[in-house]
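I have placed the structure first, in the form of structure tokens, so that the comments after it can refer back to it.
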Amino acid sequence: MLFVQWPYPHQPAYQISAPAAQAESKEKQAESNPAGWSDWLLKDAAGFFTFGLVAVGVGQALLFFIQLSLMRKGMTDSTIGIRAARRSAVATVAQARVARDSAIKLQRPYIFVFGVTEFKPAQTAFSIDYTVANYGTIPAILEEVFVGFVTSDTTAPELPSRIGDDHDLCTSPILEAGGVRRSLTSIVPTGMDSKAPVNISDDAGGWYPARSEPDWVVPPGHEVFFRVVVRYRGPFSSGHETSATWLCERGRKRLIQRGGEDYNYNR
């Protein structure tokens, strides 16, 4: 084939002007280099509102943690206050109990048994005298009274027999404040004394044993005790008890208080 070159040069279909080419270049550069944070935040509405929402969320989180801290501190203070109030209430109750117990101890009867010194001879039997007194500030109502001689092979004497209905403490069971019952008598039971037959008479014709103390007829190794136990109450209190115990030694006229606080008390 034969190629023939046209006499005029080949021209493009269109030609881009210089200003348009510069604008297109800037546009491509802008696409390749995105805008910074400042432009995104200040010029873009979506970015501005997104940042605002994030800021609000962070603020709410901070407020929540601050509120939680304040609530925890408030709960701690409330717990301390509740504990203090509880301790105060317990202390108040304890003080009230102490005051009540003190009032009861001051405003209650106190019965004492004393005056036991020695055996008193009689024509038929030995006896002893004792005294019961109420040294409390209010009257005492006697509920049960036990008086008598008991034997024991240890230092733990049992409770004696209850007094009879004709006894002075039974016929008059109310002992006023400061009241004293003197010369109450208890006779040695039949069979506990050997009753030696040697007697002497006085000028008045009365008969008295020549002995000044009983001759105990008790099992070997046993001792003789004289006990008085009084159970009583007051007008505003109850459950009180007084006990007094004496040892009757063989061959001795006098009695000696024994038993310690276990058998000599006022409750």
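We name chains A, B, ... following the order of the structure tokens; residues begin at 1 in each chain, and ligands are numbered from 1 as shown.
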
Write out as CSV the residues of stretch 45-143 of chain A that have any atom within 9 Å of an atom of stretch 216-232 of chain A, one row each with the nearest atom pair and its distance in Å to one decimal, counting only C-alpha atoms, sorted by chain and then rising number.
```
residue,atom,partner,partner_atom,distance
A:Pro109,CA,A:Tyr232,CA,8.7
A:Ile111,CA,A:Val230,CA,7.9
A:Phe112,CA,A:Val230,CA,8.9
A:Val113,CA,A:Val228,CA,7.3
A:Ala140,CA,A:Tyr232,CA,6.5
A:Ile141,CA,A:Tyr232,CA,5.5
A:Leu142,CA,A:Tyr232,CA,4.3
A:Glu143,CA,A:Tyr232,CA,5.0
```

Quiz item: Just asking: which residues within stretch 94-258 of chain A are helix (DSSP H, G or I) according to DSSP, as a ChimeraX atom specification?
Solution: /A:94-106,168-171

Practice problem: One decimal, Å: what's the distance from atom CA of A:Glu118 over to atom CA of A:Tyr130, could you say? | Solution: 10.0 Å

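Those residues that approach stretch 133-137 of chain A to within 10 Å, counting only C-alpha atoms, are Lys105, Leu106, Gln107, Arg108, Pro109, Tyr110, Ile111, Phe112, Val113, Phe114, Ala140, Ile174, Leu175, Glu176, Ala177, Gly178, Gly179, Val180, Arg181, Arg182 and Gly234 of chain A; same-chain residues fewer than 3 positions away are not listed.
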
Write out the residues from the selection above, keeping C-alpha atoms, as an mmCIF file, in the first residue's frame.
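again.cif was written with the following content:
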```
data_model
loop_
_atom_site.group_PDB
_atom_site.id
_atom_site.type_symbol
_atom_site.label_atom_id
_atom_site.label_comp_id
_atom_site.auth_asym_id
_atom_site.auth_seq_id
_atom_site.Cartn_x
_atom_site.Cartn_y
_atom_site.Cartn_z
ATOM 1 C CA LYS A 105 -31.849 -2.012 144.396
ATOM 2 C CA LEU A 106 -32.595 1.179 146.300
ATOM 3 C CA GLN A 107 -36.359 0.778 146.444
ATOM 4 C CA ARG A 108 -36.642 -2.839 147.563
ATOM 5 C CA PRO A 109 -36.813 -4.762 150.844
ATOM 6 C CA TYR A 110 -33.678 -6.261 152.382
ATOM 7 C CA ILE A 111 -34.191 -9.040 154.918
ATOM 8 C CA PHE A 112 -31.382 -10.083 157.237
ATOM 9 C CA VAL A 113 -31.177 -12.981 159.705
ATOM 10 C CA PHE A 114 -28.892 -12.577 162.713
ATOM 11 C CA ALA A 140 -41.283 -7.181 152.439
ATOM 12 C CA ILE A 174 -45.588 -8.684 155.925
ATOM 13 C CA LEU A 175 -42.467 -7.130 157.413
ATOM 14 C CA GLU A 176 -42.577 -3.359 157.237
ATOM 15 C CA ALA A 177 -39.558 -1.220 156.355
ATOM 16 C CA GLY A 178 -37.313 -1.201 159.409
ATOM 17 C CA GLY A 179 -39.390 -3.926 161.039
ATOM 18 C CA VAL A 180 -37.641 -6.404 163.349
ATOM 19 C CA ARG A 181 -38.908 -9.770 164.636
ATOM 20 C CA ARG A 182 -36.839 -10.658 167.689
ATOM 21 C CA GLY A 234 -41.480 -6.432 147.489
#
```

Would you give me, as a tab-separated table, each residue of stretch 75-185 of chain A having an atom within 12 Å of an atom of stretch 251-261 of chain A, along with its shortest atom pair and that distance in Å to one decimal, using only C-alpha atoms and sorting by chain and residue number?
```
residue	atom	partner	partner_atom	distance
A:Val113	CA	A:Gln257	CA	11.5
A:Phe114	CA	A:Gln257	CA	10.0
A:Gly115	CA	A:Leu255	CA	10.6
A:Val116	CA	A:Leu255	CA	7.2
A:Thr117	CA	A:Arg254	CA	5.8
A:Glu118	CA	A:Arg254	CA	4.1
A:Phe119	CA	A:Lys253	CA	5.8
A:Lys120	CA	A:Lys253	CA	8.7
A:Pro121	CA	A:Lys253	CA	10.0
A:Phe126	CA	A:Lys253	CA	10.5
A:Ser127	CA	A:Lys253	CA	11.1
A:Ile128	CA	A:Leu255	CA	9.6
A:Asp129	CA	A:Leu255	CA	11.4
A:Tyr130	CA	A:Leu255	CA	11.7
A:Phe149	CA	A:Leu255	CA	12.0
A:Thr154	CA	A:Gly259	CA	10.4
A:Thr155	CA	A:Gly259	CA	6.7
A:Ala156	CA	A:Gly259	CA	7.4
A:Pro157	CA	A:Gly259	CA	8.6
A:Glu158	CA	A:Gly259	CA	11.6
```

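Counting only C-alpha atoms and comparing A:Ser194, A:Ser183, A:Glu144, A:Val188, the residue that lies closest to A:Ser243 is A:Glu144.
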
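Distance-wise, atom CA of A:Cys248 and atom CA of A:Asp262 end up 17.8 Å apart.
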
Self-check item: Straight-line distance linking atom CA of A:Thr185 with atom CA of A:Thr124, stated in Å to one decimal
Solution: 14.4 Å

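Using only C-alpha atoms, the shortest contact distance between A:Phe236 and any of A:Glu249, A:Ile104, A:Lys195, A:Leu159 is found at A:Ile104.
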
Quiz item: Out of A:Arg267, A:Asp166, A:Ala125, A:Thr131, which residue has the shortest atom-to-atom distance to A:Asp215 when counting only C-alpha atoms?
Solution: A:Ala125
